[in-house]
file protein.cif (mmCIF, C-alpha atoms)
data_protein
#
loop_
_atom_site.label_atom_id
_atom_site.label_comp_id
_atom_site.auth_asym_id
_atom_site.auth_seq_id
_atom_site.Cartn_x
_atom_site.Cartn_y
_atom_site.Cartn_z
CA MET A 138 -62.48 -8.98 67.47
CA ARG A 139 -60.77 -5.69 66.62
CA PHE A 140 -57.31 -4.50 67.51
CA PRO A 141 -55.87 -0.96 67.66
CA THR A 142 -55.06 0.76 64.40
CA ALA A 143 -54.21 4.36 65.31
CA ILE A 144 -52.63 3.61 68.66
CA THR A 145 -49.06 4.34 67.55
CA LEU A 146 -50.00 7.85 66.49
CA LEU A 147 -51.81 8.45 69.76
CA LEU A 148 -48.91 7.23 71.85
CA GLY A 149 -46.53 9.46 69.98
CA THR A 150 -48.08 12.49 71.69
CA ILE A 151 -49.82 11.51 74.91
CA GLY A 152 -46.89 9.94 76.71
CA ARG A 153 -44.10 12.43 76.05
CA ALA A 154 -42.82 13.83 79.31
CA ALA A 155 -42.08 17.54 79.41
CA PRO A 156 -38.40 18.51 79.88
CA SER A 157 -39.19 19.60 83.44
CA HIS A 158 -40.83 16.29 84.29
CA PHE A 159 -38.44 15.25 87.05
CA HIS A 160 -39.23 18.07 89.45
CA LYS A 161 -38.38 18.61 93.07
CA GLN A 162 -40.56 16.63 95.44
CA PRO A 163 -43.38 18.59 97.09
CA LEU A 164 -43.72 18.62 100.85
CA LEU A 165 -45.60 15.67 102.24
CA ASP A 166 -49.32 16.34 102.36
CA LEU A 167 -49.36 16.53 106.15
CA GLY A 168 -52.99 17.58 106.20
CA ALA A 169 -53.86 14.14 104.86
CA GLU A 170 -52.00 12.21 107.58
CA ARG A 171 -54.29 9.75 109.40
CA THR A 172 -54.05 7.19 112.14
CA GLY A 173 -55.33 4.45 109.85
CA PRO A 174 -56.45 3.81 106.27
CA ILE A 175 -59.97 4.39 105.01
CA PRO A 176 -61.37 3.04 101.72
CA PRO A 177 -60.44 5.07 98.63
CA SER A 178 -64.09 5.75 97.80
CA GLN A 179 -64.42 7.52 101.16
CA ASP A 180 -60.98 9.13 101.41
CA PRO A 181 -60.81 12.72 100.08
CA TRP A 182 -57.07 12.29 99.56
CA TYR A 183 -57.89 10.11 96.53
CA THR A 184 -58.65 13.09 94.28
CA ALA A 185 -56.54 14.97 91.78
CA PRO A 186 -56.08 18.72 92.27
CA SER A 187 -57.64 21.15 89.83
CA GLY A 188 -55.62 21.58 86.65
CA PHE A 189 -53.75 18.29 86.94
CA GLU A 190 -54.53 17.56 83.28
CA SER A 191 -51.91 20.08 82.14
CA THR A 192 -49.08 18.35 83.97
CA ALA A 193 -46.81 15.74 82.40
CA PRO A 194 -47.50 12.02 82.91
CA GLY A 195 -45.79 10.83 86.08
CA THR A 196 -45.98 14.20 87.84
CA ILE A 197 -46.52 13.85 91.59
CA LEU A 198 -49.84 15.49 92.50
CA ARG A 199 -50.12 14.44 96.14
CA MET A 200 -47.89 12.52 98.53
CA ARG A 201 -48.24 11.35 102.10
CA SER A 202 -46.81 8.85 104.53
CA ASP A 203 -48.85 5.67 104.19
CA PRO A 204 -51.50 5.90 106.95
CA SER A 205 -51.73 2.12 107.42
CA ASN A 206 -49.57 -0.15 109.55
CA ILE A 207 -47.73 -1.52 106.53
CA THR A 208 -44.33 -0.78 108.06
CA LYS A 209 -45.23 -3.20 110.88
CA VAL A 210 -46.76 -5.83 108.60
CA ALA A 211 -43.99 -5.80 105.99
CA SER A 212 -40.66 -6.92 107.41
CA LYS A 213 -37.64 -4.69 106.82
CA CYS A 214 -39.84 -1.77 105.71
CA SER A 215 -38.52 1.43 107.27
CA SER A 216 -41.04 3.80 105.68
CA ALA A 217 -43.90 3.81 103.18
CA TYR A 218 -45.58 6.50 101.11
CA ASN A 219 -48.72 6.93 99.03
CA ILE A 220 -48.10 8.91 95.86
CA LEU A 221 -50.94 10.22 93.70
CA TYR A 222 -49.65 11.02 90.23
CA ARG A 223 -50.75 12.10 86.76
CA SER A 224 -51.36 9.26 84.30
CA THR A 225 -53.44 8.38 81.23
CA ASN A 226 -56.62 6.31 81.03
CA ALA A 227 -57.72 3.64 78.55
CA ALA A 228 -59.39 6.28 76.37
CA TYR A 229 -56.00 8.06 76.11
CA GLN A 230 -57.18 11.01 78.19
CA PRO A 231 -55.44 12.61 81.22
CA SER A 232 -56.13 10.74 84.43
CA TRP A 233 -54.38 9.84 87.66
CA ALA A 234 -53.52 6.89 89.84
CA VAL A 235 -51.97 6.05 93.21
CA THR A 236 -48.95 3.99 94.10
CA THR A 237 -47.44 2.80 97.37
CA LEU A 238 -43.68 3.06 97.78
CA LEU A 239 -42.04 0.88 100.42
CA ILE A 240 -38.48 1.65 101.48
CA SER A 241 -36.27 -1.17 102.74
CA SER A 242 -34.42 -0.75 106.02
CA ILE A 243 -31.74 -3.01 104.53
CA ALA A 244 -30.99 -0.46 101.80
CA ASP A 245 -29.06 1.81 104.18
CA GLU A 246 -26.82 -1.08 105.16
CA LEU A 247 -26.13 -1.85 101.49
CA ASN A 248 -25.52 1.68 100.26
CA GLY A 249 -21.80 1.36 100.71
CA THR A 250 -21.56 -1.96 98.86
CA GLN A 251 -23.96 -1.67 95.93
CA PRO A 252 -23.27 0.81 93.12
CA ARG A 253 -26.92 1.67 92.43
CA SER A 254 -30.22 1.71 94.28
CA LYS A 255 -32.69 -0.97 93.20
CA LEU A 256 -36.43 -0.59 92.62
CA LEU A 257 -38.93 -3.30 91.82
CA SER A 258 -42.35 -2.33 90.48
CA TYR A 259 -44.62 -5.10 91.68
CA GLN A 260 -48.03 -5.37 90.03
CA ILE A 261 -50.42 -7.17 92.40
CA PRO A 262 -53.23 -9.11 90.66
CA TYR A 263 -56.12 -7.55 92.51
CA ASN A 264 -58.55 -8.44 89.70
CA THR A 265 -61.57 -6.43 90.74
CA ALA A 266 -63.89 -3.66 89.57
CA ASN A 267 -64.20 -2.41 93.17
CA VAL A 268 -61.90 0.56 93.79
CA ASP A 269 -61.92 -0.17 97.52
CA GLN A 270 -59.88 -3.29 96.80
CA SER A 271 -56.95 -1.21 95.52
CA PRO A 272 -53.57 -2.29 96.96
CA SER A 273 -52.84 1.12 98.48
CA TYR A 274 -55.73 0.40 100.85
CA THR A 275 -55.77 -3.40 101.19
CA LEU A 276 -52.05 -4.18 101.33
CA SER A 277 -51.73 -3.71 105.07
CA LEU A 278 -54.82 -5.88 105.60
CA GLU A 279 -53.13 -8.88 103.97
CA LYS A 280 -51.84 -11.79 105.98
CA VAL A 281 -48.58 -13.54 105.23
CA ASP A 282 -49.95 -16.99 104.50
CA ASN A 283 -48.26 -19.80 102.58
CA SER A 284 -50.92 -22.42 103.28
CA GLN A 285 -53.36 -21.92 100.39
CA GLY A 286 -52.16 -24.54 97.94
CA GLY A 287 -49.57 -22.30 96.32
CA ALA A 288 -51.52 -19.03 96.54
CA THR A 289 -49.41 -16.77 98.73
CA SER A 290 -50.10 -13.28 99.97
CA PRO A 291 -48.41 -10.50 97.98
CA LEU A 292 -46.64 -9.63 101.24
CA VAL A 293 -44.57 -12.81 100.89
CA ASP A 294 -43.08 -11.46 97.66
CA ILE A 295 -42.77 -7.93 99.02
CA ASN A 296 -40.93 -9.14 102.11
CA ASN A 297 -38.53 -11.05 99.88
CA MET A 298 -37.84 -7.86 97.93
CA LEU A 299 -37.36 -5.72 101.02
CA ASP A 300 -35.03 -8.33 102.49
CA ARG A 301 -32.84 -7.87 99.41
CA GLY A 302 -32.63 -4.14 100.01
CA TRP A 303 -34.90 -3.23 97.12
CA ALA A 304 -37.38 -0.39 97.22
CA VAL A 305 -40.82 -1.68 96.19
CA ASN A 306 -43.36 0.17 94.07
CA VAL A 307 -46.93 -1.18 94.25
CA PRO A 308 -49.23 0.74 91.89
CA ASP A 309 -53.01 0.76 91.95
CA HIS A 310 -52.69 0.00 88.24
CA GLU A 311 -56.44 -0.19 87.61
CA GLY A 312 -56.74 3.52 88.44
CA PRO A 313 -59.47 5.44 90.28
CA LEU A 314 -62.33 3.65 88.47
CA ALA A 315 -60.91 0.14 89.01
CA ALA A 316 -60.66 -0.46 85.27
CA PHE A 317 -59.70 -4.12 85.54
CA VAL A 318 -58.52 -5.58 82.20
CA ALA A 319 -58.31 -2.14 80.55
CA GLY A 320 -54.76 -2.98 79.49
CA PRO A 321 -53.51 0.42 78.28
CA ARG A 322 -54.77 2.10 81.44
CA GLU A 323 -52.95 -0.47 83.55
CA GLY A 324 -49.76 -0.18 81.52
CA TYR A 325 -49.72 3.62 81.68
CA ALA A 326 -50.36 3.53 85.43
CA VAL A 327 -47.33 1.27 85.92
CA LEU A 328 -45.03 3.41 83.79
CA ASP A 329 -46.16 6.65 85.38
CA SER A 330 -45.82 5.18 88.88
CA VAL A 331 -42.17 4.44 88.14
CA ARG A 332 -41.72 7.97 86.81
CA ALA A 333 -43.28 9.40 89.97
CA VAL A 334 -41.30 7.21 92.36
CA LEU A 335 -37.98 7.99 90.67
CA SER A 336 -38.71 11.71 90.94
CA SER A 337 -39.83 11.51 94.59
CA GLU A 338 -36.31 11.75 96.05
CA ARG A 339 -37.20 8.92 98.42
CA ILE A 340 -34.78 6.56 96.68
CA PRO A 341 -31.06 7.36 96.87
CA GLY A 342 -29.80 7.96 93.36
CA GLY A 343 -33.14 8.89 91.82
CA VAL A 344 -33.62 8.40 88.10
CA ASN A 345 -29.92 8.38 87.24
CA GLY A 346 -28.71 6.17 90.06
CA THR A 347 -31.40 3.50 90.29
CA SER A 348 -31.77 0.16 88.55
CA TYR A 349 -35.45 -0.73 88.13
CA ALA A 350 -37.49 -3.68 86.90
CA MET A 351 -41.08 -5.01 86.87
CA TRP A 352 -42.79 -8.16 88.09
CA GLY A 353 -46.38 -9.41 87.86
CA TYR A 354 -48.21 -12.73 87.99
CA SER A 355 -51.59 -13.53 86.37
CA GLY A 356 -53.62 -10.30 86.57
CA GLY A 357 -50.34 -8.58 87.43
CA SER A 358 -48.86 -9.97 84.22
CA ILE A 359 -51.48 -8.04 82.22
CA ALA A 360 -50.46 -4.70 83.75
CA SER A 361 -46.75 -5.52 83.47
CA MET A 362 -46.90 -6.69 79.87
CA PHE A 363 -48.93 -3.69 78.73
CA ALA A 364 -46.38 -1.44 80.45
CA ALA A 365 -43.59 -3.21 78.58
CA GLU A 366 -45.41 -2.96 75.25
CA LEU A 367 -46.25 0.74 75.70
CA GLN A 368 -42.95 1.89 77.21
CA ALA A 369 -41.04 2.82 74.05
CA PRO A 370 -43.52 5.37 72.67
CA TYR A 371 -45.03 6.49 75.99
CA ALA A 372 -42.04 6.65 78.36
CA PRO A 373 -38.91 6.52 76.19
CA GLU A 374 -36.74 7.97 78.95
CA LEU A 375 -37.28 4.87 81.12
CA THR A 376 -34.75 2.07 80.80
CA PHE A 377 -35.92 -1.05 82.64
CA ALA A 378 -33.35 -3.63 83.62
CA GLY A 379 -35.90 -6.36 82.97
CA MET A 380 -39.40 -7.71 83.52
CA ALA A 381 -40.61 -11.01 85.00
CA VAL A 382 -44.13 -12.18 84.20
CA GLY A 383 -45.72 -15.36 85.49
CA GLY A 384 -48.90 -17.17 84.47
CA LEU A 385 -49.20 -14.77 81.54
CA VAL A 386 -52.82 -13.99 80.65
CA THR A 387 -53.05 -12.88 77.03
CA ASN A 388 -56.65 -13.29 75.86
CA LEU A 389 -59.55 -12.69 78.23
CA THR A 390 -62.19 -13.84 75.74
CA GLU A 391 -60.46 -17.21 75.50
CA THR A 392 -60.27 -17.34 79.29
CA TYR A 393 -63.97 -16.54 79.56
CA ASP A 394 -64.82 -19.45 77.29
CA LEU A 395 -62.51 -21.78 79.20
CA LYS A 396 -63.40 -20.87 82.77
CA ASN A 397 -66.97 -19.58 82.77
CA ALA A 398 -69.21 -21.64 85.11
CA SER A 399 -66.11 -22.65 87.08
CA PRO A 400 -64.66 -21.47 90.41
CA TRP A 401 -62.98 -18.70 88.37
CA ALA A 402 -66.34 -17.31 87.22
CA TYR A 403 -66.23 -14.47 89.76
CA LEU A 404 -63.59 -12.79 87.60
CA PHE A 405 -65.90 -12.21 84.67
CA PRO A 406 -68.38 -9.70 86.15
CA ASN A 407 -65.27 -7.85 87.34
CA MET A 408 -63.74 -8.14 83.88
CA LEU A 409 -66.75 -6.81 81.98
CA LEU A 410 -67.46 -3.98 84.41
CA GLY A 411 -63.76 -3.16 84.70
CA VAL A 412 -62.98 -3.01 80.99
CA THR A 413 -65.96 -0.69 80.40
CA ALA A 414 -65.28 1.56 83.41
CA GLU A 415 -63.62 4.26 81.28
CA PHE A 416 -65.92 3.84 78.26
CA PRO A 417 -69.37 5.19 79.27
CA ALA A 418 -71.16 4.13 76.08
CA ALA A 419 -69.89 0.56 76.33
CA ARG A 420 -70.78 0.42 80.03
CA GLN A 421 -74.28 1.72 79.30
CA TYR A 422 -74.75 -0.92 76.61
CA LEU A 423 -73.43 -3.68 78.86
CA VAL A 424 -75.84 -2.78 81.65
CA SER A 425 -78.74 -2.42 79.21
CA GLN A 426 -78.27 -6.03 78.16
CA LEU A 427 -78.58 -7.45 81.67
CA LYS A 428 -81.76 -9.28 82.56
CA VAL A 429 -84.09 -7.44 84.93
CA GLU A 430 -85.84 -10.51 86.32
CA GLY A 431 -84.95 -14.00 87.43
CA PRO A 432 -82.09 -15.28 89.60
CA TYR A 433 -79.41 -13.85 87.28
CA ASN A 434 -80.27 -10.19 86.96
CA ALA A 435 -78.73 -6.71 86.74
CA THR A 436 -78.74 -6.15 90.49
CA GLY A 437 -76.91 -9.37 91.16
CA PHE A 438 -74.36 -8.77 88.40
CA GLN A 439 -73.50 -5.21 89.45
CA ALA A 440 -73.25 -6.16 93.11
CA VAL A 441 -69.65 -7.17 92.39
CA LEU A 442 -68.76 -3.47 92.32
CA ASN A 443 -69.05 -3.45 96.12
CA LEU A 444 -67.65 -6.88 96.97
CA ASN A 445 -64.21 -7.85 98.14
CA THR A 446 -62.49 -10.74 96.39
CA SER A 447 -63.52 -13.39 98.89
CA ASP A 448 -67.16 -12.39 98.79
CA ALA A 449 -67.10 -12.20 94.99
CA GLN A 450 -65.68 -15.71 94.83
CA ALA A 451 -68.38 -16.99 97.15
CA THR A 452 -71.12 -15.22 95.19
CA TYR A 453 -70.25 -16.06 91.59
CA ALA A 454 -68.20 -19.27 91.77
CA THR A 455 -69.48 -21.89 89.27
CA GLN A 456 -72.15 -19.53 87.88
CA ASN A 457 -72.62 -19.29 84.13
CA ILE A 458 -72.08 -15.55 83.77
CA SER A 459 -73.69 -15.58 80.31
CA ASP A 460 -77.01 -16.26 82.07
CA TYR A 461 -77.06 -12.65 83.26
CA PHE A 462 -77.43 -11.33 79.70
CA VAL A 463 -80.46 -11.41 77.42
CA SER A 464 -78.23 -12.51 74.53
CA GLY A 465 -76.06 -14.87 76.58
CA ARG A 466 -72.47 -15.40 75.41
CA ALA A 467 -73.16 -13.25 72.32
CA ILE A 468 -72.72 -10.13 74.46
CA LEU A 469 -68.95 -10.44 74.01
CA ASP A 470 -69.28 -10.19 70.23
CA ALA A 471 -71.68 -7.23 70.17
CA PRO A 472 -70.32 -4.32 68.10
CA GLU A 473 -70.93 -1.99 71.04
CA LEU A 474 -68.59 -4.05 73.24
CA SER A 475 -66.18 -6.13 71.15
CA PRO A 476 -63.99 -3.15 70.09
CA VAL A 477 -63.46 -2.25 73.75
CA LEU A 478 -62.45 -5.83 74.54
CA GLY A 479 -60.25 -5.98 71.45
CA ASN A 480 -58.41 -2.77 72.22
CA ASN A 481 -57.93 -3.44 75.92
CA ALA A 482 -58.03 -7.12 76.84
CA TYR A 483 -55.47 -8.68 74.48
CA VAL A 484 -51.74 -8.77 75.17
CA GLY A 485 -49.27 -8.64 72.30
CA TYR A 486 -50.69 -6.00 69.97
CA HIS A 487 -49.46 -2.67 71.36
CA GLY A 488 -45.69 -2.76 70.98
CA ILE A 489 -42.51 -4.73 71.60
CA PRO A 490 -40.89 -4.99 75.06
CA GLN A 491 -37.55 -3.19 74.99
CA MET A 492 -36.22 -4.82 78.15
CA PRO A 493 -35.20 -8.45 78.79
CA VAL A 494 -38.26 -10.58 79.67
CA PHE A 495 -38.47 -13.65 81.88
CA SER A 496 -41.76 -15.52 81.43
CA TYR A 497 -42.62 -18.54 83.56
CA LYS A 498 -45.76 -20.62 83.32
CA ALA A 499 -47.08 -24.11 83.98
CA ILE A 500 -47.57 -26.09 80.78
CA HIS A 501 -50.84 -27.33 82.27
CA ASP A 502 -52.00 -23.86 83.36
CA ASP A 503 -55.73 -24.32 83.87
CA PHE A 504 -56.66 -20.63 83.60
CA ALA A 505 -54.80 -19.25 80.58
CA THR A 506 -53.43 -21.70 78.04
CA ILE A 507 -49.71 -22.13 77.47
CA GLN A 508 -50.36 -22.10 73.72
CA ALA A 509 -51.75 -18.55 73.85
CA SER A 510 -48.82 -17.16 75.82
CA ASP A 511 -46.27 -19.03 73.70
CA GLN A 512 -47.77 -17.45 70.57
CA VAL A 513 -47.44 -13.94 72.00
CA LEU A 514 -43.85 -14.52 73.10
CA GLU A 515 -42.96 -16.02 69.72
CA ARG A 516 -44.42 -12.95 68.02
CA PHE A 517 -42.17 -10.73 70.15
CA CYS A 518 -39.16 -12.94 69.41
CA ALA A 519 -39.75 -12.70 65.67
CA VAL A 520 -39.09 -8.96 65.81
CA GLY A 521 -36.03 -8.97 68.04
CA ALA A 522 -37.27 -9.15 71.64
CA ASN A 523 -35.13 -10.69 74.38
CA VAL A 524 -37.20 -13.41 76.06
CA MET A 525 -36.45 -16.32 78.37
CA ASN A 526 -39.58 -18.51 78.34
CA GLN A 527 -39.67 -21.24 81.01
CA ARG A 528 -42.50 -23.79 80.83
CA ASN A 529 -42.98 -25.85 83.99
CA THR A 530 -43.94 -29.48 83.36
CA VAL A 531 -45.68 -29.73 86.75
CA GLY A 532 -48.44 -27.78 88.44
CA ASP A 533 -51.17 -25.40 87.33
CA HIS A 534 -51.96 -21.68 87.45
CA ILE A 535 -52.11 -21.50 91.24
CA SER A 536 -49.18 -23.77 92.12
CA GLU A 537 -46.90 -21.92 89.70
CA ILE A 538 -47.20 -18.86 91.93
CA SER A 539 -45.00 -20.63 94.48
CA ASN A 540 -43.12 -22.81 92.02
CA GLY A 541 -42.08 -19.81 89.98
CA GLN A 542 -41.34 -17.35 92.76
CA PRO A 543 -37.71 -18.39 93.47
CA ARG A 544 -36.87 -18.42 89.75
CA ALA A 545 -38.43 -14.99 89.22
CA LEU A 546 -36.60 -13.48 92.20
CA LYS A 547 -33.29 -14.95 91.09
CA TRP A 548 -33.75 -13.62 87.55
CA LEU A 549 -34.81 -10.18 88.81
CA ASP A 550 -31.81 -10.07 91.13
CA SER A 551 -29.56 -10.67 88.13
CA ALA A 552 -31.37 -8.04 86.09
CA LEU A 553 -31.20 -5.39 88.82
CA SER A 554 -27.55 -6.22 89.53
CA GLY A 555 -26.63 -5.97 85.85
CA THR A 556 -25.31 -9.52 85.64
CA LEU A 557 -27.72 -10.94 83.05
CA VAL A 558 -25.05 -10.50 80.38
CA GLN A 559 -22.61 -12.66 82.31
CA GLU A 560 -25.20 -15.30 83.12
CA ARG A 561 -26.63 -15.54 79.60
CA THR A 562 -24.05 -16.03 76.92
CA VAL A 563 -26.63 -15.76 74.15
CA PHE A 564 -29.27 -13.04 74.05
CA GLY A 565 -32.44 -13.18 72.01
CA CYS A 566 -35.09 -15.79 72.73
CA LYS A 567 -34.91 -19.12 74.46
CA THR A 568 -37.71 -21.52 75.42
CA GLU A 569 -37.05 -24.35 77.84
CA ASP A 570 -39.13 -26.85 79.76
CA VAL A 571 -38.29 -27.18 83.46
CA THR A 572 -39.62 -29.35 86.26
CA VAL A 573 -39.97 -27.41 89.48
CA ASN A 574 -42.16 -28.33 92.45
CA THR A 575 -41.30 -26.33 95.54
CA THR A 576 -43.55 -28.44 97.77
CA GLN A 577 -41.93 -31.75 96.88
CA GLY A 578 -38.46 -30.75 95.73
CA ASN A 579 -37.24 -30.36 92.19
CA ALA A 580 -37.17 -33.35 89.88
#
call {"tool": "encode", "arguments": {"input": "protein.cif", "output": "structure tokens"}}
result
Amino acid sequence: MRFPTAITLLLGTIGRAAPSHFHKQPLLDLGAERTGPIPPSQDPWYTAPSGFESTAPGTILRMRSDPSNITKVASKCSSAYNILYRSTNAAYQPSWAVTTLLISSIADELNGTQPRSKLLSYQIPYNTANVDQSPSYTLSLEKVDNSQGGATSPLVDINNMLDRGWAVNVPDHEGPLAAFVAGPREGYAVLDSVRAVLSSERIPGGVNGTSYAMWGYSGGSIASMFAAELQAPYAPELTFAGMAVGGLVTNLTETYDLKNASPWAYLFPNMLLGVTAEFPAARQYLVSQLKVEGPYNATGFQAVLNLNTSDAQATYATQNISDYFVSGRAILDAPELSPVLGNNAYVGYHGIPQMPVFSYKAIHDDFATIQASDQVLERFCAVGANVMNQRNTVGDHISEISNGQPRALKWLDSALSGTLVQERTVFGCKTEDVTVNTTQGNA
């Protein structure tokens, strides 16, 4: 396993925004208006204009009213926009990404009573190597459903945010190649989406009059945590009020060893194809090591690139993903692949979060161990980070989605309102065990 060595030097140059970064918003791309959404792989709007590489990270390249029916699906959403913006990929080269900005109809009612606008960047765990599963396309197709054993639709969280008068930023943080688990790519996409949204003039107050924070669970915690780690060198002008992360996933190799050949196995073809999406040599090596015959072969493995999440679950659940490779589990340790995993799939090695952090996780999390996340948070605390770490004595990875939601929203509300100082008499790090079960009441 190898971790970055020259990353600090790279970040010192690639993320600096030009003085003219916060520019006037361009006219909406009316030529791209449609009566309904089409998949990103088929939509010509999902392309960056010629010469975009010379623009500063976060520059708006295209913008349109969201063509889906999201304003009807999401309660209290008065308008929604797709913004295509300049960003940086996992190989530290110019790239782009898309975000969806949802404006709350409640915000107008609150403008006279709240001193600043509020923006929440919400990283959905879409966990796929299929670009057509990007939130900017799939969000309006979601159903608000609380019946799946604790697994709620992202729209449940979004509706809660909109009901509070917050604007909501939902980035396609995996980028145009669906680089799932390519942590730096995901972190840059989050930071640059916030830059783009704040410069869009769609939020009253803009960059100087808006309080903003981040939130992500599970796969969304990866994008959020990388954004927090990379913020200081890459986007030093951003000052986040806080970040909430739930079910923190810190080490995908550990997770592979724990959950391969389980119902979670569908994630691992997505993980390996996603993390190599922006590294052609690693992708070529990965594919070259797939078996060409038998029930577990290259065709079956790469089929995940065209599957939605439900179909991927049905296809790969309980499979031993190592059976697809001629060398089995050893593929993860191959010198052609392990540096890519080491540089992209491990939280805690790219920087120190500069904003207050609220982490919540079930002690008996069955997907990513509490020990691994505790170690990362303790490492941050040792060098001065501000972390509230809540460990739930009940539940697992899925149930903590619902069990943790009220606590995360309450903490984010305090962060965005600027009242964390009053509510926490001691800053620094604190770890506490709690017992919260939203389906049976709190013990």
call {"tool": "closest_residue", "arguments": {"input": "protein.cif", "among": "A:Tyr229, A:Pro373, A:Gly302, A:Pro262", "to": "Glu246 in chain A", "atoms": "all atoms listed in the file"}}
result
A:Gly302
call {"tool": "atom_distance", "arguments": {"input": "protein.cif", "atom1": "CA of Thr446 in chain A", "atom2": "CA of Ala471 in chain A"}}
result
28.0 Å
call {"tool": "atom_distance", "arguments": {"input": "protein.cif", "atom1": "CA of Met525 in chain A", "atom2": "CA of Cys566 in chain A"}}
result
5.8 Å
call {"tool": "resolve_selection", "arguments": {"input": "protein.cif", "expression": "the PyMOL selection byres ((chain A and resi 188-195) around 6)", "output": "compact mmCIF listing (two decimals) with C-alpha atoms, keeping the file's coordinate frame"}}
result
# COMPACT_ATOMS: atom_id res chain seq x y z
CA ALA A 154 -42.82 13.83 79.31
CA ALA A 155 -42.08 17.54 79.41
CA PRO A 186 -56.08 18.72 92.27
CA SER A 187 -57.64 21.15 89.83
CA THR A 196 -45.98 14.20 87.84
CA TYR A 222 -49.65 11.02 90.23
CA ARG A 223 -50.75 12.10 86.76
CA SER A 224 -51.36 9.26 84.30
CA PRO A 231 -55.44 12.61 81.22
CA ASP A 329 -46.16 6.65 85.38
CA ARG A 332 -41.72 7.97 86.81
CA ALA A 333 -43.28 9.40 89.97
call {"tool": "atom_distance", "arguments": {"input": "protein.cif", "atom1": "CA of Thr265 in chain A", "atom2": "CA of Pro176 in chain A"}}
result
14.5 Å
call {"tool": "closest_residue", "arguments": {"input": "protein.cif", "among": "A:Cys214, A:Val318, A:Ala369, A:Val520", "to": "Ala304 in chain A", "atoms": "all atoms listed in the file"}}
result
A:Cys214
call {"tool": "resolve_selection", "arguments": {"input": "protein.cif", "expression": "the PyMOL selection byres ((chain A and resi 321) around 9)", "output": "mmCIF file with C-alpha atoms, in the coordinates of the input"}}
result
data_model
loop_
_atom_site.group_PDB
_atom_site.id
_atom_site.type_symbol
_atom_site.label_atom_id
_atom_site.label_comp_id
_atom_site.auth_asym_id
_atom_site.auth_seq_id
_atom_site.Cartn_x
_atom_site.Cartn_y
_atom_site.Cartn_z
ATOM 1 C CA THR A 225 -53.440 8.380 81.230
ATOM 2 C CA ASN A 226 -56.620 6.310 81.030
ATOM 3 C CA ALA A 227 -57.720 3.640 78.550
ATOM 4 C CA ALA A 228 -59.390 6.280 76.370
ATOM 5 C CA TYR A 229 -56.000 8.060 76.110
ATOM 6 C CA VAL A 318 -58.520 -5.580 82.200
ATOM 7 C CA ALA A 319 -58.310 -2.140 80.550
ATOM 8 C CA GLY A 320 -54.760 -2.980 79.490
ATOM 9 C CA ARG A 322 -54.770 2.100 81.440
ATOM 10 C CA GLU A 323 -52.950 -0.470 83.550
ATOM 11 C CA GLY A 324 -49.760 -0.180 81.520
ATOM 12 C CA TYR A 325 -49.720 3.620 81.680
ATOM 13 C CA ALA A 326 -50.360 3.530 85.430
ATOM 14 C CA ALA A 360 -50.460 -4.700 83.750
ATOM 15 C CA PHE A 363 -48.930 -3.690 78.730
ATOM 16 C CA ALA A 364 -46.380 -1.440 80.450
ATOM 17 C CA LEU A 367 -46.250 0.740 75.700
ATOM 18 C CA ASN A 480 -58.410 -2.770 72.220
ATOM 19 C CA ASN A 481 -57.930 -3.440 75.920
ATOM 20 C CA ALA A 482 -58.030 -7.120 76.840
ATOM 21 C CA HIS A 487 -49.460 -2.670 71.360
#
call {"tool": "axis_aligned_box", "arguments": {"input": "protein.cif", "around": "range 523-530 of chain A", "padding_each_side": "8 Å", "output": "AutoDock Vina command-line options"}}
result
--center_x -39.5 --center_y -20.1 --center_z 79.2 --size_x 24.8 --size_y 34.8 --size_z 25.6
call {"tool": "resolve_selection", "arguments": {"input": "protein.cif", "expression": "the PyMOL selection byres ((chain A and resi 306) around 6)", "output": "PyMOL selection string"}}
result
chain A and resi 237-238+258-259+305+307
call {"tool": "residues_around", "arguments": {"input": "protein.cif", "residues": "Leu427 in chain A", "least_positions_apart": "5", "cutoff": "10 Å", "atoms": "all atoms listed in the file", "output": "ChimeraX atom specification"}}
result
/A:422,433-439,459-465,468
call {"tool": "residues_around", "arguments": {"input": "protein.cif", "residues": "Ile240 in chain A", "least_positions_apart": "3", "cutoff": "12 Å", "atoms": "only C-alpha atoms", "output": "JSON, numbers by chain"}}
result
{"A": [202, 203, 207, 208, 211, 212, 213, 214, 215, 216, 217, 218, 219, 237, 243, 244, 245, 254, 255, 256, 257, 295, 296, 298, 299, 300, 301, 302, 303, 304, 305, 306, 307, 334, 338, 339, 340, 341]}
call {"tool": "residues_around", "arguments": {"input": "protein.cif", "residues": "Asn397 in chain A", "least_positions_apart": "2", "cutoff": "10 Å", "atoms": "all atoms listed in the file", "output": "list in words"}}
result
Thr392, Tyr393, Asp394, Leu395, Ser399, Pro400, Trp401, Ala402, Tyr403, Leu404, Phe405, Ala454, Thr455, Gln456, Asn457, Ile458 and Ser459 of chain A
call {"tool": "residues_around", "arguments": {"input": "protein.cif", "residues": "range 550-559 of chain A", "least_positions_apart": "4", "cutoff": "6 Å", "atoms": "all atoms listed in the file", "output": "mmCIF file with C-alpha atoms, keeping the file's coordinate frame"}}
result
data_model
loop_
_atom_site.group_PDB
_atom_site.id
_atom_site.type_symbol
_atom_site.label_atom_id
_atom_site.label_comp_id
_atom_site.auth_asym_id
_atom_site.auth_seq_id
_atom_site.Cartn_x
_atom_site.Cartn_y
_atom_site.Cartn_z
ATOM 1 C CA SER A 348 -31.770 0.160 88.550
ATOM 2 C CA ALA A 378 -33.350 -3.630 83.620
ATOM 3 C CA GLY A 379 -35.900 -6.360 82.970
ATOM 4 C CA LEU A 546 -36.600 -13.480 92.200
#
